[in-house]
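Chemist: Before we start, here is the structure in question, set down as C-alpha cells.
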Amino acid sequence: MRAANLKTTLERNFTWRVARLDARLAELRASADSARAYFPTLQAPIPVMMVVDVEPDGFFIRRDSRLPWRGYQAVHEFFRELRPLWSARTDAPVHYSWYFRMDPQIAEVYESPNWAARKYAEFIDEYVAQGDELGLHPHDYRWDTTLDSWIVDHGNQAWVNHCVETAFAAFREAFGRNCDSFRFGDRWMNDETIASVEALGARFDLTLEPGRSAALASFPDKPFTGSLPDYTDVPRTAYQRSSSDYRKADPSRTDGIWMLPLSTVSASETTPLMRLWDKVIGDEAPPSVYHTLNLAHDPRFLLRGVDQALQSKDFSYLAFVIRSDIGANRSLFENLQNNLAGIMAHPLASRFVVCTAAECMKMLGLIRSSDQSL
Ligand SMILES: [Zn+2]
C-alpha cells in the first residue's frame, strides 16, 4: 500500500482522526531507491517490536475503587483497527506484544493480580488467535500504611522478589502456560532480579533502555526506595548477560535469558525538538541524554528518532513501547496515532515486520527457527 493511499485509508477508517503530518509525511515519502541509499546496510526484513505495557490509568492509583483501564481499552481498539493496515503495508502478519501488570498493586486494588486477564478476556482471546505475544510487566508499588501512600520500592529486594513471583504465578494461572517475555516497570532492574526472572523460565527481557543514565526515581516527589540503574553502556543489540553484571554481554554464554534492549536515541541530535517535551508531557524535559522510542512522544521527535536508530552502526531491530494509559490522554493518544501513521509512511515501512521477541530472535538468526518451544 502506498503512503498516500495509506494515509487516506487511515483517515477514512479510524473513528479518531489522524491529524495532519503532511510536511513530515512528504519528507518520508522518498523513493525506495533513495531509502536504500539512506540506509545502505539494512537488509529486508526489519524486525519491529510494538510493546504495550497494559496498566491502570495512572501510577499512584486510588485504592478504594476498581476503575476500568480506559486507556488500555482505547489503545486496544486502536491497534485492532490498525492491524490490517499494518499487515497490508508490510505484506506480513502483524504480531503485537502485550505486557500485563499482574503484581501486588493490582491485587491490592483489583482483588486479584489477574483482574485484567478476566476483565479483558475477549481482547486476550483475540491476541492469542492473532499470534500476539503475552508477557509480564510488574511494578513494585507497595502500600505503606505509615505514609498512607504507595511507595516505589526498588530498594526492597524481598518485595521486588514477591512482585516478580506473584506476577509469574498469576500469568500461569491466567494463561495456562509459563511467561516467556518480561519487562520490569520503571525500566528498573538488578542482577538478583534478572536471575530470578530467568529461573522462573522467561526467555526474553525487554526492560533495558541503552544510554539512559542513573536517576533517583521516575517520580522523585513521591515516596520511593532504591534508584534507577545506569544503562549508559548497555548493548543496543540482543545479548546474553554476564553473570556478574546483567548490563554487559557475555559472548561465551550459550544459555540463559536473552536481553533485548528497547530502541533509544540520543537527544543531542534532536535537542530542539525535546524542548517541546514540556508542552507535550506537561513536565520538564528528562535529564538523560538518551530517550526511549516511546510512541507517546511528539512525532517530530519520534520519527526523527526512528531514522537515527535505523542508521546506527549496531542496528538490528526496532523496539517501540507505550504505556496503555496514554489512551486516556487526548494529546498523547494523538501522538500515538500520528507516530504510527508516520512509521507506516516511512520509505522502509514495507520491510518492517511487526513481530514478537521470539520471532525477532529467529529473524536475526539468534535462535533456531525450528525452536518449537516458542
Ligand atoms: Zn509500567
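Going by the C-alpha cells order, chains are called A, B, ..., each with residues numbered from 1, while ligands are numbered from 1 in the order shown.
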Do you have, as a tab-separated table, the list of residues of chain A lying at most 7 Å from ligand 1, each with its nearest atom pair and that distance in Å to one decimal, counting only C-alpha atoms and all ligand atoms and ordered by chain then number?
Modeler:
```
residue	atom	partner	partner_atom_place_in_ligand_line	distance
A:Asp53	CA	ligand 1	1 (Zn)	5.9
A:Glu55	CA	ligand 1	1 (Zn)	6.6
A:His137	CA	ligand 1	1 (Zn)	6.5
A:His139	CA	ligand 1	1 (Zn)	6.4
A:Gly185	CA	ligand 1	1 (Zn)	4.3
A:Asp186	CA	ligand 1	1 (Zn)	5.8
A:Arg323	CA	ligand 1	1 (Zn)	6.3
```
Chemist: Would you mind exporting the chosen residues as a PDB file, in the first residue's frame, restricted to N, CA and C atoms?
Modeler:
```pdb
ATOM      1  N   ASP A  53       2.624  -1.750  27.388  1.00  0.00           N
ATOM      2  CA  ASP A  53       2.501  -2.069  28.811  1.00  0.00           C
ATOM      3  C   ASP A  53       1.039  -1.891  29.192  1.00  0.00           C
ATOM      4  N   GLU A  55      -1.642  -1.445  31.668  1.00  0.00           N
ATOM      5  CA  GLU A  55      -1.610  -0.963  33.049  1.00  0.00           C
ATOM      6  C   GLU A  55      -2.863  -0.162  33.376  1.00  0.00           C
ATOM      7  N   HIS A 137       4.652  -7.397  32.945  1.00  0.00           N
ATOM      8  CA  HIS A 137       5.241  -6.082  33.212  1.00  0.00           C
ATOM      9  C   HIS A 137       4.925  -5.677  34.652  1.00  0.00           C
ATOM     10  N   HIS A 139       5.263  -3.893  38.271  1.00  0.00           N
ATOM     11  CA  HIS A 139       5.882  -2.789  39.014  1.00  0.00           C
ATOM     12  C   HIS A 139       5.994  -3.239  40.466  1.00  0.00           C
ATOM     13  N   GLY A 185       8.776  -2.861  35.502  1.00  0.00           N
ATOM     14  CA  GLY A 185       8.282  -1.492  35.451  1.00  0.00           C
ATOM     15  C   GLY A 185       9.364  -0.471  35.730  1.00  0.00           C
ATOM     16  N   ASP A 186       9.165   0.744  35.206  1.00  0.00           N
ATOM     17  CA  ASP A 186      10.033   1.849  35.580  1.00  0.00           C
ATOM     18  C   ASP A 186      11.436   1.702  35.008  1.00  0.00           C
ATOM     19  N   ARG A 323       2.872   2.994  27.176  1.00  0.00           N
ATOM     20  CA  ARG A 323       2.098   2.604  28.347  1.00  0.00           C
ATOM     21  C   ARG A 323       0.635   2.809  27.980  1.00  0.00           C
TER      22      ARG A 323
END
```
Chemist: Determine which residues of range 81-179 of chain A DSSP labels as strand (DSSP E or B) from the backbone of this structure, then write them out as a PyMOL selection string.
Modeler: chain A and resi 97-100+133-136+141-144+149-153
Chemist: Just give me the gap between CA of Val197 in chain A and CA of Leu134 in chain A in Å, one decimal is fine.
Modeler: 15.6 Å
Chemist: I need the residue nearest Ser266 in chain A from this list: A:Gly211, A:Pro84, A:Pro299, A:Pro223. Use only C-alpha atoms for the distance.
Modeler: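 Of the candidates, the smallest distance to Ser266 in chain A is held by A:Gly211.
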Chemist: So that I can see what lies close to range 152-154 of chain A, please list as a list of chain:residue names the residues with an atom at most 6 Å from it, counting only C-alpha atoms and leaving out residues fewer than 3 positions away in the same chain.
Modeler: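 Non-adjacent residues within range: A:Asp140, A:Tyr141, A:Phe224, A:Thr225, A:Gly226.
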Chemist: To test your reading of the structure, identify every residue in range 148-336 of chain A that backbone DSSP assigns to alpha helix (DSSP H), and report it as an mmCIF file with N, CA and C atoms, in the first residue's frame.
Modeler:
```cif
data_model
loop_
_atom_site.group_PDB
_atom_site.id
_atom_site.type_symbol
_atom_site.label_atom_id
_atom_site.label_comp_id
_atom_site.auth_asym_id
_atom_site.auth_seq_id
_atom_site.Cartn_x
_atom_site.Cartn_y
_atom_site.Cartn_z
ATOM 1 N N GLN A 157 14.515 -5.635 48.162
ATOM 2 C CA GLN A 157 14.651 -6.810 47.292
ATOM 3 C C GLN A 157 13.622 -7.898 47.622
ATOM 4 N N ALA A 158 13.324 -8.056 48.893
ATOM 5 C CA ALA A 158 12.328 -9.077 49.248
ATOM 6 C C ALA A 158 10.979 -8.735 48.613
ATOM 7 N N TRP A 159 10.640 -7.453 48.595
ATOM 8 C CA TRP A 159 9.369 -7.049 47.981
ATOM 9 C C TRP A 159 9.433 -7.194 46.457
ATOM 10 N N VAL A 160 10.554 -6.823 45.863
ATOM 11 C CA VAL A 160 10.731 -6.994 44.413
ATOM 12 C C VAL A 160 10.548 -8.463 44.048
ATOM 13 N N ASN A 161 11.195 -9.360 44.829
ATOM 14 C CA ASN A 161 11.060 -10.793 44.559
ATOM 15 C C ASN A 161 9.592 -11.224 44.658
ATOM 16 N N HIS A 162 8.920 -10.710 45.663
ATOM 17 C CA HIS A 162 7.497 -11.041 45.841
ATOM 18 C C HIS A 162 6.686 -10.576 44.619
ATOM 19 N N CYS A 163 6.983 -9.386 44.112
ATOM 20 C CA CYS A 163 6.260 -8.854 42.939
ATOM 21 C C CYS A 163 6.487 -9.748 41.724
ATOM 22 N N VAL A 164 7.734 -10.152 41.517
ATOM 23 C CA VAL A 164 8.062 -10.983 40.352
ATOM 24 C C VAL A 164 7.387 -12.349 40.468
ATOM 25 N N GLU A 165 7.481 -12.947 41.658
ATOM 26 C CA GLU A 165 6.896 -14.280 41.847
ATOM 27 C C GLU A 165 5.369 -14.232 41.733
ATOM 28 N N THR A 166 4.764 -13.192 42.279
ATOM 29 C CA THR A 166 3.311 -13.023 42.158
ATOM 30 C C THR A 166 2.910 -12.959 40.686
ATOM 31 N N ALA A 167 3.670 -12.186 39.916
ATOM 32 C CA ALA A 167 3.340 -11.996 38.503
ATOM 33 C C ALA A 167 3.458 -13.299 37.711
ATOM 34 N N PHE A 168 4.535 -14.043 37.917
ATOM 35 C CA PHE A 168 4.701 -15.297 37.165
ATOM 36 C C PHE A 168 3.605 -16.312 37.534
ATOM 37 N N ALA A 169 3.260 -16.365 38.814
ATOM 38 C CA ALA A 169 2.209 -17.303 39.233
ATOM 39 C C ALA A 169 0.861 -16.897 38.639
ATOM 40 N N ALA A 170 0.577 -15.590 38.635
ATOM 41 C CA ALA A 170 -0.695 -15.105 38.088
ATOM 42 C C ALA A 170 -0.772 -15.366 36.584
ATOM 43 N N PHE A 171 0.345 -15.180 35.901
ATOM 44 C CA PHE A 171 0.382 -15.418 34.458
ATOM 45 C C PHE A 171 0.067 -16.881 34.148
ATOM 46 N N ARG A 172 0.696 -17.775 34.911
ATOM 47 C CA ARG A 172 0.456 -19.217 34.698
ATOM 48 C C ARG A 172 -1.010 -19.557 34.941
ATOM 49 N N GLU A 173 -1.565 -18.973 35.973
ATOM 50 C CA GLU A 173 -2.965 -19.256 36.289
ATOM 51 C C GLU A 173 -3.894 -18.705 35.207
ATOM 52 N N ALA A 174 -3.579 -17.506 34.716
ATOM 53 C CA ALA A 174 -4.462 -16.855 33.736
ATOM 54 C C ALA A 174 -4.361 -17.489 32.357
ATOM 55 N N PHE A 175 -3.149 -17.816 31.941
ATOM 56 C CA PHE A 175 -2.949 -18.216 30.544
ATOM 57 C C PHE A 175 -2.562 -19.680 30.376
ATOM 58 N N ASP A 191 20.831 -7.403 39.225
ATOM 59 C CA ASP A 191 21.318 -8.761 38.930
ATOM 60 C C ASP A 191 20.472 -9.833 39.593
ATOM 61 N N GLU A 192 20.106 -9.606 40.842
ATOM 62 C CA GLU A 192 19.324 -10.623 41.553
ATOM 63 C C GLU A 192 17.959 -10.838 40.883
ATOM 64 N N THR A 193 17.369 -9.737 40.445
ATOM 65 C CA THR A 193 16.038 -9.846 39.851
ATOM 66 C C THR A 193 16.077 -10.539 38.489
ATOM 67 N N ILE A 194 17.047 -10.215 37.668
ATOM 68 C CA ILE A 194 17.088 -10.861 36.345
ATOM 69 C C ILE A 194 17.391 -12.359 36.515
ATOM 70 N N ALA A 195 18.186 -12.704 37.522
ATOM 71 C CA ALA A 195 18.456 -14.126 37.787
ATOM 72 C C ALA A 195 17.161 -14.833 38.190
ATOM 73 N N SER A 196 16.346 -14.151 38.967
ATOM 74 C CA SER A 196 15.075 -14.724 39.397
ATOM 75 C C SER A 196 14.112 -14.865 38.216
ATOM 76 N N VAL A 197 14.073 -13.861 37.367
ATOM 77 C CA VAL A 197 13.212 -13.896 36.171
ATOM 78 C C VAL A 197 13.621 -15.066 35.268
ATOM 79 N N GLU A 198 14.913 -15.248 35.132
ATOM 80 C CA GLU A 198 15.425 -16.360 34.322
ATOM 81 C C GLU A 198 15.062 -17.705 34.960
ATOM 82 N N ALA A 199 15.243 -17.799 36.287
ATOM 83 C CA ALA A 199 14.934 -19.049 36.989
ATOM 84 C C ALA A 199 13.448 -19.385 36.890
ATOM 85 N N THR A 271 17.726 17.818 20.091
ATOM 86 C CA THR A 271 17.523 18.704 21.243
ATOM 87 C C THR A 271 16.441 19.770 21.035
ATOM 88 N N PRO A 272 16.443 20.460 19.881
ATOM 89 C CA PRO A 272 15.393 21.477 19.715
ATOM 90 C C PRO A 272 14.000 20.879 19.843
ATOM 91 N N LEU A 273 13.871 19.631 19.386
ATOM 92 C CA LEU A 273 12.560 19.002 19.460
ATOM 93 C C LEU A 273 12.219 18.604 20.889
ATOM 94 N N MET A 274 13.241 18.197 21.643
ATOM 95 C CA MET A 274 12.956 17.810 23.017
ATOM 96 C C MET A 274 12.489 18.996 23.849
ATOM 97 N N TRP A 277 9.074 18.936 24.816
ATOM 98 C CA TRP A 277 8.634 17.941 25.786
ATOM 99 C C TRP A 277 7.694 18.543 26.825
ATOM 100 N N ASP A 278 8.077 19.726 27.343
ATOM 101 C CA ASP A 278 7.267 20.290 28.416
ATOM 102 C C ASP A 278 5.865 20.624 27.932
ATOM 103 N N LYS A 279 5.750 20.938 26.638
ATOM 104 C CA LYS A 279 4.419 21.224 26.095
ATOM 105 C C LYS A 279 3.625 19.926 25.913
ATOM 106 N N VAL A 280 4.330 18.856 25.582
ATOM 107 C CA VAL A 280 3.646 17.609 25.253
ATOM 108 C C VAL A 280 3.311 16.824 26.503
ATOM 109 N N ILE A 281 4.304 16.639 27.370
ATOM 110 C CA ILE A 281 4.136 15.789 28.544
ATOM 111 C C ILE A 281 3.680 16.598 29.754
ATOM 112 N N PRO A 299 5.569 13.456 17.474
ATOM 113 C CA PRO A 299 6.009 12.782 16.246
ATOM 114 C C PRO A 299 7.256 13.398 15.623
ATOM 115 N N ARG A 300 7.449 14.681 15.803
ATOM 116 C CA ARG A 300 8.642 15.298 15.197
ATOM 117 C C ARG A 300 9.907 14.764 15.846
ATOM 118 N N PHE A 301 9.835 14.409 17.118
ATOM 119 C CA PHE A 301 10.969 13.763 17.778
ATOM 120 C C PHE A 301 11.038 12.280 17.416
ATOM 121 N N LEU A 302 9.909 11.619 17.532
ATOM 122 C CA LEU A 302 9.882 10.157 17.385
ATOM 123 C C LEU A 302 10.323 9.728 15.984
ATOM 124 N N LEU A 303 9.786 10.399 14.967
ATOM 125 C CA LEU A 303 10.080 9.956 13.604
ATOM 126 C C LEU A 303 11.529 10.239 13.240
ATOM 127 N N ARG A 304 12.058 11.323 13.748
ATOM 128 C CA ARG A 304 13.488 11.564 13.544
ATOM 129 C C ARG A 304 14.309 10.512 14.294
ATOM 130 N N GLY A 305 13.811 10.121 15.470
ATOM 131 C CA GLY A 305 14.493 9.096 16.247
ATOM 132 C C GLY A 305 14.508 7.744 15.529
ATOM 133 N N VAL A 306 13.433 7.433 14.806
ATOM 134 C CA VAL A 306 13.390 6.181 14.032
ATOM 135 C C VAL A 306 14.521 6.183 13.004
ATOM 136 N N ASP A 307 14.677 7.290 12.290
ATOM 137 C CA ASP A 307 15.764 7.374 11.311
ATOM 138 C C ASP A 307 17.126 7.239 11.983
ATOM 139 N N GLN A 308 17.254 7.880 13.136
ATOM 140 C CA GLN A 308 18.531 7.794 13.861
ATOM 141 C C GLN A 308 18.830 6.350 14.259
ATOM 142 N N ALA A 309 17.813 5.646 14.755
ATOM 143 C CA ALA A 309 18.010 4.251 15.159
ATOM 144 C C ALA A 309 18.380 3.387 13.955
ATOM 145 N N LEU A 310 17.667 3.589 12.846
ATOM 146 C CA LEU A 310 17.914 2.781 11.648
ATOM 147 C C LEU A 310 19.330 2.981 11.106
ATOM 148 N N GLN A 311 19.880 4.166 11.336
ATOM 149 C CA GLN A 311 21.207 4.470 10.801
ATOM 150 C C GLN A 311 22.337 4.115 11.749
ATOM 151 N N ARG A 330 -5.746 12.708 25.672
ATOM 152 C CA ARG A 330 -6.053 13.088 24.302
ATOM 153 C C ARG A 330 -4.805 13.420 23.474
ATOM 154 N N SER A 331 -3.923 14.268 24.019
ATOM 155 C CA SER A 331 -2.790 14.707 23.190
ATOM 156 C C SER A 331 -1.776 13.573 22.998
ATOM 157 N N LEU A 332 -1.561 12.760 24.031
ATOM 158 C CA LEU A 332 -0.610 11.656 23.878
ATOM 159 C C LEU A 332 -1.160 10.578 22.944
ATOM 160 N N PHE A 333 -2.469 10.374 23.006
ATOM 161 C CA PHE A 333 -3.099 9.388 22.126
ATOM 162 C C PHE A 333 -3.007 9.854 20.662
ATOM 163 N N GLU A 334 -3.157 11.160 20.457
ATOM 164 C CA GLU A 334 -2.978 11.694 19.102
ATOM 165 C C GLU A 334 -1.538 11.499 18.639
ATOM 166 N N ASN A 335 -0.589 11.684 19.573
ATOM 167 C CA ASN A 335 0.807 11.434 19.215
ATOM 168 C C ASN A 335 0.991 9.987 18.758
ATOM 169 N N LEU A 336 0.401 9.045 19.494
ATOM 170 C CA LEU A 336 0.491 7.629 19.120
ATOM 171 C C LEU A 336 -0.017 7.420 17.690
#
```
Chemist: With only C-alpha atoms as the counted atoms, please give the residues lying no more than 12 Å from Ile124 in chain A, apart from itself and same-chain residues fewer than 2 positions off, as a list in words.
Modeler: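 Close residues of Ile124 in chain A: Val54, Gln73, His76, Arg80, Tyr96, Ser97, Trp98, Tyr99, Phe100, Ala116, Ala117, Arg118, Lys119, Tyr120, Ala121, Glu122, Glu126, Tyr127, Val128, Ala129, Gln130, Gly131, Asp132, Glu133, Leu134, Gly135, Ala174 and Phe175 of chain A.
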Chemist: Name the residues in contact with range 56-65 of chain A at a cut-off of 6 Å, using only C-alpha atoms, excluding same-chain residues fewer than 2 positions from it; report them as a short mmCIF file (atom, residue, chain, number, x, y, z; two decimals) with N, CA and C atoms, in the first residue's frame.
Modeler:
```cif
data_model
loop_
_atom_site.label_atom_id
_atom_site.label_comp_id
_atom_site.auth_asym_id
_atom_site.auth_seq_id
_atom_site.Cartn_x
_atom_site.Cartn_y
_atom_site.Cartn_z
N LEU A 67 -11.30 1.19 39.12
CA LEU A 67 -11.59 1.90 37.87
C LEU A 67 -11.17 1.04 36.69
N TRP A 69 -9.61 0.14 33.03
CA TRP A 69 -8.40 0.66 32.41
C TRP A 69 -8.79 1.28 31.06
N VAL A 109 -5.65 -3.47 44.75
CA VAL A 109 -6.74 -2.59 44.33
C VAL A 109 -7.86 -3.37 43.63
N ASP A 325 -2.02 3.69 29.36
CA ASP A 325 -2.88 4.79 29.83
C ASP A 325 -2.82 6.02 28.94
#
```
Chemist: Would you list the contacts of Thr237 in chain A as a PDB file with N, CA and C atoms, in the first residue's frame, taking every protein, DNA or RNA residue within 12 Å and counting only C-alpha atoms, but skipping same-chain residues closer than 6 positions in sequence?
Modeler:
```pdb
ATOM      1  N   LEU A 206      12.839  -7.350  28.086  1.00  0.00           N
ATOM      2  CA  LEU A 206      12.806  -6.110  27.300  1.00  0.00           C
ATOM      3  C   LEU A 206      12.769  -4.875  28.199  1.00  0.00           C
ATOM      4  N   LEU A 208      15.557  -3.083  29.446  1.00  0.00           N
ATOM      5  CA  LEU A 208      16.672  -2.131  29.431  1.00  0.00           C
ATOM      6  C   LEU A 208      16.530  -1.063  28.348  1.00  0.00           C
ATOM      7  N   GLU A 209      17.051   0.104  28.657  1.00  0.00           N
ATOM      8  CA  GLU A 209      16.966   1.254  27.752  1.00  0.00           C
ATOM      9  C   GLU A 209      18.369   1.843  27.612  1.00  0.00           C
ATOM     10  N   PRO A 210      19.143   1.344  26.613  1.00  0.00           N
ATOM     11  CA  PRO A 210      20.564   1.697  26.495  1.00  0.00           C
ATOM     12  C   PRO A 210      20.797   3.206  26.426  1.00  0.00           C
ATOM     13  N   ARG A 247      24.158  -5.873  32.704  1.00  0.00           N
ATOM     14  CA  ARG A 247      24.237  -4.809  31.695  1.00  0.00           C
ATOM     15  C   ARG A 247      25.358  -5.049  30.695  1.00  0.00           C
ATOM     16  N   LYS A 248      26.087  -6.144  30.896  1.00  0.00           N
ATOM     17  CA  LYS A 248      27.189  -6.470  29.992  1.00  0.00           C
ATOM     18  C   LYS A 248      26.922  -7.806  29.316  1.00  0.00           C
ATOM     19  N   ALA A 249      27.360  -7.911  28.059  1.00  0.00           N
ATOM     20  CA  ALA A 249      27.192  -9.166  27.323  1.00  0.00           C
ATOM     21  C   ALA A 249      28.296 -10.141  27.690  1.00  0.00           C
ATOM     22  N   TRP A 258      17.676 -14.018  27.109  1.00  0.00           N
ATOM     23  CA  TRP A 258      18.200 -13.021  26.170  1.00  0.00           C
ATOM     24  C   TRP A 258      17.717 -11.639  26.601  1.00  0.00           C
ATOM     25  N   MET A 259      18.638 -10.700  26.645  1.00  0.00           N
ATOM     26  CA  MET A 259      18.284  -9.308  26.893  1.00  0.00           C
ATOM     27  C   MET A 259      18.040  -8.650  25.541  1.00  0.00           C
ATOM     28  N   LEU A 260      16.857  -8.082  25.377  1.00  0.00           N
ATOM     29  CA  LEU A 260      16.556  -7.341  24.142  1.00  0.00           C
ATOM     30  C   LEU A 260      16.270  -5.878  24.521  1.00  0.00           C
ATOM     31  N   PRO A 261      17.294  -5.058  24.550  1.00  0.00           N
ATOM     32  CA  PRO A 261      17.090  -3.664  24.958  1.00  0.00           C
ATOM     33  C   PRO A 261      16.126  -2.936  24.010  1.00  0.00           C
ATOM     34  N   LEU A 262      15.354  -2.020  24.584  1.00  0.00           N
ATOM     35  CA  LEU A 262      14.465  -1.199  23.761  1.00  0.00           C
ATOM     36  C   LEU A 262      15.288  -0.249  22.895  1.00  0.00           C
ATOM     37  N   SER A 263      14.667   0.264  21.840  1.00  0.00           N
ATOM     38  CA  SER A 263      15.342   1.257  20.996  1.00  0.00           C
ATOM     39  C   SER A 263      15.381   2.595  21.717  1.00  0.00           C
ATOM     40  N   THR A 264      16.575   3.179  21.772  1.00  0.00           N
ATOM     41  CA  THR A 264      16.716   4.519  22.347  1.00  0.00           C
ATOM     42  C   THR A 264      17.522   5.365  21.372  1.00  0.00           C
ATOM     43  N   ALA A 309      17.813   5.646  14.755  1.00  0.00           N
ATOM     44  CA  ALA A 309      18.010   4.251  15.159  1.00  0.00           C
ATOM     45  C   ALA A 309      18.380   3.387  13.955  1.00  0.00           C
ATOM     46  N   SER A 312      22.011   3.703  12.981  1.00  0.00           N
ATOM     47  CA  SER A 312      23.096   3.434  13.926  1.00  0.00           C
ATOM     48  C   SER A 312      23.867   2.188  13.498  1.00  0.00           C
ATOM     49  N   LYS A 313      25.147   2.164  13.782  1.00  0.00           N
ATOM     50  CA  LYS A 313      26.017   1.120  13.220  1.00  0.00           C
ATOM     51  C   LYS A 313      25.673  -0.260  13.753  1.00  0.00           C
ATOM     52  N   ASP A 314      25.130  -0.348  14.963  1.00  0.00           N
ATOM     53  CA  ASP A 314      24.801  -1.660  15.518  1.00  0.00           C
ATOM     54  C   ASP A 314      23.301  -1.951  15.457  1.00  0.00           C
ATOM     55  N   PHE A 315      22.599  -1.303  14.524  1.00  0.00           N
ATOM     56  CA  PHE A 315      21.152  -1.527  14.437  1.00  0.00           C
ATOM     57  C   PHE A 315      20.824  -2.981  14.064  1.00  0.00           C
ATOM     58  N   SER A 316      19.842  -3.559  14.745  1.00  0.00           N
ATOM     59  CA  SER A 316      19.360  -4.876  14.304  1.00  0.00           C
ATOM     60  C   SER A 316      17.839  -5.000  14.374  1.00  0.00           C
ATOM     61  N   TYR A 317      17.178  -4.193  15.190  1.00  0.00           N
ATOM     62  CA  TYR A 317      15.710  -4.231  15.259  1.00  0.00           C
ATOM     63  C   TYR A 317      15.213  -2.911  15.834  1.00  0.00           C
ATOM     64  N   LEU A 318      13.915  -2.672  15.674  1.00  0.00           N
ATOM     65  CA  LEU A 318      13.271  -1.527  16.333  1.00  0.00           C
ATOM     66  C   LEU A 318      12.372  -2.072  17.435  1.00  0.00           C
ATOM     67  N   ALA A 319      12.443  -1.492  18.618  1.00  0.00           N
ATOM     68  CA  ALA A 319      11.535  -1.874  19.710  1.00  0.00           C
ATOM     69  C   ALA A 319      10.882  -0.608  20.252  1.00  0.00           C
ATOM     70  N   CYS A 360      11.490 -12.064  16.471  1.00  0.00           N
ATOM     71  CA  CYS A 360      12.620 -11.166  16.220  1.00  0.00           C
ATOM     72  C   CYS A 360      13.934 -11.950  16.311  1.00  0.00           C
ATOM     73  N   MET A 361      14.048 -12.756  17.348  1.00  0.00           N
ATOM     74  CA  MET A 361      15.279 -13.529  17.541  1.00  0.00           C
ATOM     75  C   MET A 361      15.498 -14.523  16.408  1.00  0.00           C
ATOM     76  N   LEU A 364      16.681 -12.658  13.356  1.00  0.00           N
ATOM     77  CA  LEU A 364      18.084 -12.260  13.496  1.00  0.00           C
ATOM     78  C   LEU A 364      19.026 -13.462  13.487  1.00  0.00           C
ATOM     79  N   LEU A 366      19.371 -15.613  15.849  1.00  0.00           N
ATOM     80  CA  LEU A 366      19.967 -15.826  17.169  1.00  0.00           C
ATOM     81  C   LEU A 366      19.368 -17.026  17.892  1.00  0.00           C
TER      82      LEU A 366
END
```
Chemist: Which of these residues is nearest to Thr232 in chain A, using only C-alpha atoms: A:Trp188, A:Trp86, A:Tyr290, A:Phe79?
Modeler: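 Using only C-alpha atoms, the shortest distance to Thr232 in chain A belongs to A:Tyr290.
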Chemist: To one decimal in Å, tell me the separation between CA of Gly155 in chain A and CA of Ser227 in chain A.
Modeler: 7.2 Å
Chemist: For a test of reading the model, state the distance in Å between CA of Ala215 in chain A and CA of Ser181 in chain A, rounded to one decimal.
Modeler: 25.3 Å
Chemist: Please provide as an mmCIF file with N, CA and C atoms, in the first residue's frame all residues within 8 Å of range 88-95 of chain A, with the sequence filter that same-chain residues fewer than 5 positions apart are discarded (counting only C-alpha atoms).
Modeler:
```cif
data_model
loop_
_atom_site.group_PDB
_atom_site.id
_atom_site.type_symbol
_atom_site.label_atom_id
_atom_site.label_comp_id
_atom_site.auth_asym_id
_atom_site.auth_seq_id
_atom_site.Cartn_x
_atom_site.Cartn_y
_atom_site.Cartn_z
ATOM 1 N N MET A 1 0.858 -1.197 0.000
ATOM 2 C CA MET A 1 0.000 0.000 0.000
ATOM 3 C C MET A 1 0.892 1.244 0.000
ATOM 4 N N ARG A 2 0.631 2.168 -0.922
ATOM 5 C CA ARG A 2 1.451 3.367 -0.990
ATOM 6 C C ARG A 2 1.119 4.303 0.176
ATOM 7 N N LEU A 6 -2.339 4.995 2.072
ATOM 8 C CA LEU A 6 -2.383 4.570 3.468
ATOM 9 C C LEU A 6 -2.960 5.675 4.339
ATOM 10 N N ARG A 83 -4.285 -3.176 12.734
ATOM 11 C CA ARG A 83 -3.636 -4.436 12.347
ATOM 12 C C ARG A 83 -3.736 -4.733 10.844
ATOM 13 N N GLN A 130 -4.488 -14.165 17.020
ATOM 14 C CA GLN A 130 -3.694 -13.445 16.017
ATOM 15 C C GLN A 130 -2.202 -13.778 16.107
ATOM 16 N N GLY A 131 -1.788 -14.451 17.160
ATOM 17 C CA GLY A 131 -0.369 -14.780 17.315
ATOM 18 C C GLY A 131 0.444 -13.696 18.016
ATOM 19 N N ASP A 132 -0.226 -12.826 18.766
ATOM 20 C CA ASP A 132 0.484 -11.792 19.515
ATOM 21 C C ASP A 132 1.244 -12.395 20.695
ATOM 22 N N GLU A 133 2.125 -11.592 21.244
ATOM 23 C CA GLU A 133 2.861 -12.003 22.437
ATOM 24 C C GLU A 133 2.129 -11.539 23.696
ATOM 25 N N MET A 344 4.364 4.070 9.353
ATOM 26 C CA MET A 344 3.895 3.279 8.205
ATOM 27 C C MET A 344 4.138 3.994 6.881
ATOM 28 N N ALA A 349 9.046 1.157 5.316
ATOM 29 C CA ALA A 349 7.973 0.527 6.090
ATOM 30 C C ALA A 349 7.539 -0.817 5.530
ATOM 31 N N SER A 350 7.644 -1.006 4.224
ATOM 32 C CA SER A 350 7.204 -2.289 3.658
ATOM 33 C C SER A 350 8.085 -3.428 4.150
ATOM 34 N N ARG A 351 9.243 -3.089 4.729
ATOM 35 C CA ARG A 351 10.149 -4.121 5.255
ATOM 36 C C ARG A 351 10.041 -4.267 6.765
ATOM 37 N N PHE A 352 9.220 -3.441 7.411
ATOM 38 C CA PHE A 352 9.041 -3.555 8.860
ATOM 39 C C PHE A 352 8.099 -4.723 9.171
ATOM 40 N N VAL A 353 8.601 -5.735 9.847
ATOM 41 C CA VAL A 353 7.752 -6.863 10.229
ATOM 42 C C VAL A 353 7.449 -6.760 11.728
ATOM 43 N N VAL A 354 6.188 -6.528 12.051
ATOM 44 C CA VAL A 354 5.799 -6.363 13.460
ATOM 45 C C VAL A 354 5.747 -7.744 14.099
ATOM 46 N N CYS A 355 6.655 -7.991 15.031
ATOM 47 C CA CYS A 355 6.884 -9.370 15.478
ATOM 48 C C CYS A 355 7.047 -9.451 16.993
ATOM 49 N N THR A 356 6.943 -10.668 17.508
ATOM 50 C CA THR A 356 7.190 -10.931 18.929
ATOM 51 C C THR A 356 8.708 -11.018 19.172
#
```
Chemist: So which one's closest to Asp230 in chain A, A:Ala202, A:Met189, A:Leu85, A:Val265? Using only C-alpha atoms, please.
Modeler: A:Met189
